[in-house]
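Q: Below is the file target_2.cif, with mmCIF, C-alpha atoms and all ligand atoms.
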```
data_target
loop_
_atom_site.label_atom_id
_atom_site.label_comp_id
_atom_site.auth_asym_id
_atom_site.auth_seq_id
_atom_site.Cartn_x
_atom_site.Cartn_y
_atom_site.Cartn_z
CA MET A 1414 -94.42 -122.99 -135.39
CA SER A 1415 -97.68 -121.72 -133.93
CA VAL A 1416 -97.84 -119.67 -130.79
CA PHE A 1417 -100.67 -118.32 -128.74
CA GLN A 1418 -99.58 -116.00 -126.06
CA SER A 1419 -101.24 -114.96 -122.83
CA ASN A 1420 -100.41 -111.82 -120.94
CA ASN A 1421 -97.83 -111.56 -118.25
CA ASN A 1422 -94.88 -113.88 -118.59
CA TYR A 1423 -96.68 -116.95 -119.77
CA ASP A 1424 -96.82 -118.51 -123.18
CA PHE A 1425 -97.60 -121.75 -124.92
CA SER A 1426 -95.97 -122.88 -128.12
CA VAL A 1427 -96.20 -125.78 -130.49
CA VAL A 1428 -92.80 -126.41 -132.04
CA LYS A 1429 -92.66 -129.12 -134.73
CA GLY A 1430 -95.82 -130.67 -133.37
CA ARG A 1431 -94.52 -130.76 -129.78
CA PRO A 1432 -96.44 -128.54 -127.33
CA GLN A 1433 -94.42 -126.55 -124.84
CA ALA A 1434 -95.44 -124.35 -121.95
CA ARG A 1435 -92.99 -121.72 -120.82
CA VAL A 1436 -93.07 -119.38 -117.87
CA SER A 1437 -90.93 -116.33 -117.31
CA TRP A 1438 -91.15 -115.16 -113.76
CA GLY A 1439 -91.30 -111.53 -112.74
CA CYS A 1440 -87.62 -111.39 -111.81
CA GLN A 1441 -84.81 -111.44 -114.35
CA SER A 1442 -82.86 -114.62 -113.94
CA ASP A 1443 -82.30 -117.64 -116.17
CA LYS A 1444 -82.57 -119.76 -113.05
CA LEU A 1445 -86.16 -118.63 -112.65
CA ARG A 1446 -87.22 -119.82 -116.09
CA TYR A 1447 -88.46 -123.34 -116.62
CA THR A 1448 -90.41 -125.51 -119.00
CA SER A 1449 -92.97 -127.90 -117.59
CA LYS A 1450 -93.40 -131.20 -119.38
CA THR A 1451 -96.62 -132.02 -117.55
CA HIS A 1452 -98.16 -128.77 -118.62
CA ALA A 1453 -96.89 -129.16 -122.12
CA GLU A 1454 -98.82 -132.41 -122.24
CA ASN A 1455 -101.93 -130.71 -120.89
CA VAL A 1456 -101.63 -127.90 -123.40
CA GLY A 1457 -101.20 -130.47 -126.16
CA LYS A 1458 -104.45 -132.17 -125.16
CA PHE A 1459 -106.16 -128.84 -124.90
CA LEU A 1460 -105.01 -127.76 -128.34
CA THR A 1461 -105.92 -130.97 -130.10
CA TYR A 1462 -109.28 -131.77 -128.49
CA THR A 1463 -111.92 -132.33 -131.11
CA GLY A 1464 -114.69 -132.12 -128.58
CA ALA A 1465 -117.89 -133.98 -128.11
CA GLU A 1466 -118.42 -133.19 -124.45
CA MET A 1467 -119.66 -129.88 -123.11
CA ILE A 1468 -118.79 -128.73 -119.59
CA VAL A 1469 -121.27 -126.25 -118.11
CA PHE A 1470 -120.46 -124.15 -115.06
CA THR A 1471 -120.86 -120.63 -113.74
CA VAL A 1472 -117.97 -118.20 -113.81
CA ASN A 1473 -118.33 -114.86 -112.04
CA GLY A 1474 -122.10 -115.18 -112.16
CA LYS A 1475 -122.34 -116.10 -115.86
CA VAL A 1476 -123.17 -119.57 -117.15
CA ARG A 1477 -120.35 -120.77 -119.44
CA ARG A 1478 -120.20 -123.79 -121.74
CA VAL A 1479 -116.86 -125.09 -122.93
CA ASP A 1480 -116.13 -127.92 -125.33
CA VAL A 1481 -112.92 -129.24 -123.84
CA SER A 1482 -111.87 -132.58 -122.48
CA PRO A 1483 -113.04 -132.94 -118.84
CA ASP A 1484 -109.46 -133.54 -117.72
CA THR A 1485 -108.27 -130.15 -119.00
CA PRO A 1486 -107.06 -128.07 -116.05
CA LEU A 1487 -109.56 -125.39 -115.10
CA LEU A 1488 -106.73 -122.83 -115.31
CA TRP A 1489 -106.25 -123.44 -119.05
CA VAL A 1490 -109.97 -123.09 -119.65
CA LEU A 1491 -110.22 -119.83 -117.70
CA ARG A 1492 -107.24 -118.26 -119.39
CA GLU A 1493 -107.34 -119.62 -122.91
CA LYS A 1494 -111.03 -120.33 -123.57
CA LEU A 1495 -112.73 -117.71 -121.41
CA GLU A 1496 -109.96 -115.08 -121.64
CA LEU A 1497 -109.93 -114.53 -117.88
CA VAL A 1498 -106.20 -114.01 -117.66
CA GLY A 1499 -106.11 -112.55 -114.15
CA THR A 1500 -105.61 -116.04 -112.75
CA LYS A 1501 -101.94 -116.92 -113.09
CA PHE A 1502 -99.90 -120.02 -113.87
CA GLY A 1503 -97.01 -120.46 -111.42
CA CYS A 1504 -95.89 -123.97 -110.51
CA GLY A 1505 -98.68 -125.91 -112.20
CA GLU A 1506 -98.55 -128.43 -109.37
CA GLY A 1507 -100.77 -127.01 -106.66
CA LEU A 1508 -97.85 -125.65 -104.67
CA CYS A 1509 -97.66 -121.88 -105.14
CA GLY A 1510 -101.24 -120.58 -105.07
CA ALA A 1511 -100.88 -118.26 -108.08
CA CYS A 1512 -103.85 -119.96 -109.78
CA THR A 1513 -106.25 -119.75 -106.78
CA VAL A 1514 -109.94 -119.32 -107.59
CA HIS A 1515 -113.06 -119.98 -105.56
CA ILE A 1516 -115.12 -123.04 -106.36
CA ASP A 1517 -118.48 -122.87 -104.63
CA GLY A 1518 -116.89 -120.34 -102.28
CA THR A 1519 -113.82 -122.37 -101.32
CA PRO A 1520 -110.33 -121.38 -102.51
CA GLN A 1521 -108.90 -124.05 -104.82
CA ARG A 1522 -105.88 -124.43 -107.11
CA SER A 1523 -107.20 -124.23 -110.66
CA CYS A 1524 -104.00 -125.68 -112.16
CA ILE A 1525 -104.74 -129.08 -110.65
CA THR A 1526 -108.53 -128.99 -110.88
CA PRO A 1527 -109.87 -130.80 -113.94
CA VAL A 1528 -112.60 -128.70 -115.51
CA GLY A 1529 -114.88 -131.74 -115.41
CA ASP A 1530 -114.88 -131.40 -111.60
CA VAL A 1531 -116.53 -127.97 -111.76
CA GLN A 1532 -119.47 -129.12 -113.88
CA GLY A 1533 -122.54 -127.38 -112.41
CA LYS A 1534 -120.48 -125.44 -109.84
CA LYS A 1535 -119.82 -121.75 -109.26
CA VAL A 1536 -116.32 -120.48 -109.98
CA THR A 1537 -115.15 -117.01 -108.98
CA THR A 1538 -111.92 -115.59 -110.37
CA ILE A 1539 -110.08 -112.39 -109.50
CA GLU A 1540 -112.17 -110.64 -112.19
CA GLY A 1541 -115.28 -111.52 -110.17
CA ILE A 1542 -114.09 -109.60 -107.11
CA PRO A 1543 -115.35 -106.02 -107.54
CA GLU A 1544 -112.79 -103.22 -107.62
CA LYS A 1545 -114.47 -101.64 -104.58
CA HIS A 1546 -114.20 -104.81 -102.53
CA PRO A 1547 -112.47 -103.99 -99.22
CA VAL A 1548 -109.69 -106.50 -99.95
CA LYS A 1549 -108.81 -104.96 -103.32
CA GLN A 1550 -109.04 -101.49 -101.78
CA ALA A 1551 -106.78 -102.50 -98.88
CA TRP A 1552 -104.28 -104.00 -101.33
CA LEU A 1553 -104.06 -100.66 -103.08
CA ALA A 1554 -103.92 -98.62 -99.89
CA GLN A 1555 -101.13 -100.77 -98.45
CA GLU A 1556 -99.30 -100.90 -101.81
CA VAL A 1557 -98.98 -104.65 -101.44
CA SER A 1558 -97.95 -105.62 -104.96
CA GLN A 1559 -94.38 -105.69 -106.14
CA CYS A 1560 -94.15 -107.59 -109.44
CA GLY A 1561 -97.80 -108.48 -108.90
CA TYR A 1562 -97.67 -112.00 -110.33
CA CYS A 1563 -98.83 -113.82 -107.20
CA GLN A 1564 -101.32 -111.20 -106.10
CA PRO A 1565 -104.54 -112.43 -107.77
CA GLY A 1566 -104.08 -115.73 -105.93
CA GLN A 1567 -103.23 -113.93 -102.69
CA ILE A 1568 -106.36 -111.80 -102.96
CA MET A 1569 -108.59 -114.81 -103.63
CA SER A 1570 -107.27 -116.55 -100.52
CA ALA A 1571 -107.63 -113.36 -98.46
CA VAL A 1572 -111.23 -112.83 -99.58
CA ALA A 1573 -112.10 -116.40 -98.61
CA LEU A 1574 -110.43 -115.99 -95.22
CA LEU A 1575 -112.27 -112.77 -94.41
CA GLU A 1576 -115.60 -114.24 -95.44
CA LYS A 1577 -115.04 -116.99 -92.91
CA LYS A 1578 -113.31 -114.86 -90.28
CA PRO A 1579 -113.87 -111.10 -90.57
CA HIS A 1580 -111.28 -110.28 -87.89
CA PRO A 1581 -108.48 -112.80 -88.24
CA THR A 1582 -105.45 -112.92 -85.97
CA ASP A 1583 -101.91 -113.01 -87.37
CA THR A 1584 -101.94 -116.76 -86.81
CA ASP A 1585 -105.20 -117.12 -88.74
CA ILE A 1586 -103.72 -115.10 -91.59
CA ASP A 1587 -100.47 -117.04 -91.67
CA SER A 1588 -102.33 -120.32 -91.67
CA ALA A 1589 -104.87 -119.34 -94.37
CA MET A 1590 -102.25 -117.73 -96.60
CA SER A 1591 -99.44 -120.26 -96.17
CA GLY A 1592 -100.15 -121.91 -99.54
CA ASN A 1593 -99.74 -118.64 -101.44
CA LEU A 1594 -96.10 -117.95 -102.17
CA CYS A 1595 -94.67 -114.57 -103.06
CA ARG A 1596 -91.22 -114.45 -104.63
CA CYS A 1597 -91.06 -110.72 -103.90
CA GLY A 1598 -91.63 -111.25 -100.18
CA THR A 1599 -94.67 -109.04 -99.74
CA TYR A 1600 -95.95 -111.09 -96.81
CA GLY A 1601 -95.82 -108.24 -94.27
CA ARG A 1602 -97.89 -105.95 -96.49
CA ILE A 1603 -100.34 -108.76 -97.26
CA ARG A 1604 -100.89 -109.27 -93.56
CA ARG A 1605 -101.42 -105.54 -92.99
CA ALA A 1606 -103.86 -105.34 -95.90
CA ILE A 1607 -105.90 -108.27 -94.58
CA HIS A 1608 -106.14 -106.65 -91.15
CA ALA A 1609 -107.17 -103.35 -92.79
CA ALA A 1610 -109.79 -105.02 -95.00
CA GLY A 1611 -111.13 -106.93 -92.02
CA VAL A 1612 -112.06 -103.79 -90.12
CA LYS A 1613 -114.10 -102.37 -93.01
CA PRO A 1614 -117.60 -103.58 -93.75
CA ALA A 1615 -118.02 -105.01 -97.25
CA ALA A 1616 -118.72 -102.17 -99.68
CA LYS A 1617 -121.99 -102.18 -101.56
CA GLY A 1618 -121.58 -104.75 -104.31
CA GLY A 1619 -118.40 -105.85 -102.60
CA LYS A 1620 -119.53 -109.41 -102.07
CA LYS A 1621 -118.56 -112.11 -104.45
CA PRO A 1622 -121.15 -112.78 -107.12
S1 LIG B 1701 -99.94 -122.61 -110.48
FE1 LIG B 1701 -101.48 -123.60 -109.35
S2 LIG B 1701 -100.63 -123.79 -107.36
FE2 LIG B 1701 -99.01 -123.00 -108.55
S1 LIG B 1702 -94.38 -112.72 -106.64
FE1 LIG B 1702 -94.01 -110.60 -106.98
S2 LIG B 1702 -95.50 -109.62 -105.76
FE2 LIG B 1702 -95.64 -111.73 -105.20
#
```
Go ahead and express the file in the form of structure tokens.
A:
Amino acid sequence: MSVFQSNNNYDFSVVKGRPQARVSWGCQSDKLRYTSKTHAENVGKFLTYTGAEMIVFTVNGKVRRVDVSPDTPLLWVLREKLELVGTKFGCGEGLCGACTVHIDGTPQRSCITPVGDVQGKKVTTIEGIPEKHPVKQAWLAQEVSQCGYCQPGQIMSAVALLEKKPHPTDTDIDSAMSGNLCRCGTYGRIRRAIHAAGVKPAAKGGKKP
């Protein structure tokens, strides 16, 4: 049995030649644990790729080249090849928003984006948002996070919203953030943090690279 483990409640295994992806959520309940066959298949492809193609794209301002199959989900590449583990795996089906990154400035679900689709594009992950960015600062000031698992995705969606609309209404916020789920129910604090970040000008170096 070989295992390579990422941080934070998320591991891949190969047991007797069969790849498995397993997620343990932030809360303690057997009901909240599941194994995804689709993702096991993706991980299997990812692990066994012998690689003739090279995908080239920019991540957080740096040009990166990866020798993976073009249909590998961007999320796997970010986490397992580029060691950018801030972006999280939640549902793996584009439904929860935990894996949100920016692709050419637009928030997208990296779990359902084949890496071949970002060839030549600019990807920004949570690591590419400076610590002094008003959104990250507001998140800290409002103590938004509970378990924290969904928060990188929440922040990426919030940053994109504020870049488009610096002073959003509650309705704007609800609509822009509706695809980002939080099992801990931090929605009220997220909304407050977005309002707070919206009233501050972007700090120096606080813009996305
Ligand atoms: S992990 Fe990508 S949307 Fe849920
Ligand atoms: S899932 Fe725990 S803080 Fe959102």
Q: Taking 2 positions as the minimum chain separation for residues in the same chain, which residues sit within 10 Å of Tyr1562 in chain A when counting all atoms listed in the file? Answer as an MDAnalysis selection string.
A: chainID A and resid 1421:1422 1438:1439 1499:1503 1511 1558:1560 1564:1567 1595:1597
Q: Just to confirm, what's the straight-line distance from CA of Thr1599 in chain A to CA of Pro1581 in chain A in Å (one decimal)?
A: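 Atom-to-atom, CA of Thr1599 in chain A to CA of Pro1581 in chain A, that is 18.4 Å.
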Q: Could you give me the residues within 8 Å of ligand LIG 1701 (chain B), counting all atoms listed in the file, as a short mmCIF file (atom, residue, chain, number, x, y, z; two decimals) with C-alpha atoms, in the frame of the given file?
A:
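Written output follows (part06.cif):
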```
data_model
loop_
_atom_site.label_atom_id
_atom_site.label_comp_id
_atom_site.auth_asym_id
_atom_site.auth_seq_id
_atom_site.Cartn_x
_atom_site.Cartn_y
_atom_site.Cartn_z
CA LEU A 1488 -106.73 -122.83 -115.31
CA LYS A 1501 -101.94 -116.92 -113.09
CA PHE A 1502 -99.90 -120.02 -113.87
CA GLY A 1503 -97.01 -120.46 -111.42
CA CYS A 1504 -95.89 -123.97 -110.51
CA GLY A 1505 -98.68 -125.91 -112.20
CA GLU A 1506 -98.55 -128.43 -109.37
CA GLY A 1507 -100.77 -127.01 -106.66
CA LEU A 1508 -97.85 -125.65 -104.67
CA CYS A 1509 -97.66 -121.88 -105.14
CA GLY A 1510 -101.24 -120.58 -105.07
CA ALA A 1511 -100.88 -118.26 -108.08
CA CYS A 1512 -103.85 -119.96 -109.78
CA THR A 1513 -106.25 -119.75 -106.78
CA ARG A 1522 -105.88 -124.43 -107.11
CA SER A 1523 -107.20 -124.23 -110.66
CA CYS A 1524 -104.00 -125.68 -112.16
CA ILE A 1525 -104.74 -129.08 -110.65
CA ASN A 1593 -99.74 -118.64 -101.44
#
```
Q: Enclose ligand LIG 1702 (chain B), meaning all of its atoms listed in the file, in a box aligned along x, y and z, pad it by 8 Å on each side, and list the centre and edge lengths in Å to one decimal, as AutoDock Vina command-line options.
A:
```
--center_x -94.8 --center_y -111.2 --center_z -106.1 --size_x 17.6 --size_y 19.1 --size_z 17.8
```
Q: Residues at most 12 Å from Ala1573 in chain A, counting only C-alpha atoms, excluding those fewer than 4 positions away in the same chain, as number ranges by chain?
A: A: 1513-1521, 1537-1539, 1542, 1548, 1566-1569, 1577-1579, 1581, 1586, 1589-1590, 1607, 1611, 1620-1621
Q: For Val1490 in chain A, please output as a VMD selection string all residues within 9 Å (counting all atoms listed in the file; exclusion window: fewer than 4 positions along the same chain).
A: chain A and resid 1459 1479 1481 1485 to 1486 1494 to 1497 1528
Q: Provide the CA of Leu1574 in chain A to CA of Ser1588 in chain A distance in Å, to one decimal place.
A: 9.8 Å
Q: At what distance in Å, to one decimal, does CA of Thr1471 in chain A lie from CA of Trp1552 in chain A?
A: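 Rounded to one decimal, the two atoms are 26.6 Å apart.
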Q: Find the residue from A:Val1498, A:Ile1468, A:Ala1610, A:Leu1594 that sits nearest to Ala1554 in chain A; use all atoms listed in the file when measuring.
A: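 Closest to Ala1554 in chain A of all the choices is A:Ala1610.
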Q: Hey, which of A:Met1467, A:Val1557, A:Val1472, A:Gly1601 ends up closest to ligand LIG 1702 (chain B)? Count all atoms listed in the file.
A: A:Val1557
Q: Which is closest to ligand LIG 1702 (chain B) among A:Ala1571, A:Val1536, A:Cys1563, A:Ala1551, if we use only C-alpha atoms and all ligand atoms?
A: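 Nearest candidate to ligand LIG 1702 (chain B) out of A:Ala1571, A:Val1536, A:Cys1563, A:Ala1551: A:Cys1563.
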Q: A:Gly1592, A:Val1469, A:Glu1556, A:Leu1491: which is nearest Thr1526 in chain A, counting all atoms listed in the file?
A: A:Leu1491
Q: Could you check which of A:Gly1598, A:Val1572, A:Arg1604, A:Ser1482 is closest to ligand LIG 1702 (chain B), using all atoms listed in the file?
A: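 Checking each candidate against ligand LIG 1702 (chain B), we get A:Gly1598 as the closest.
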Q: Using all atoms listed in the file for the distances, tell me which of A:Glu1544, A:Thr1582, A:Val1612, A:Tyr1600 is nearest to ligand LIG 1702 (chain B).
A: A:Tyr1600
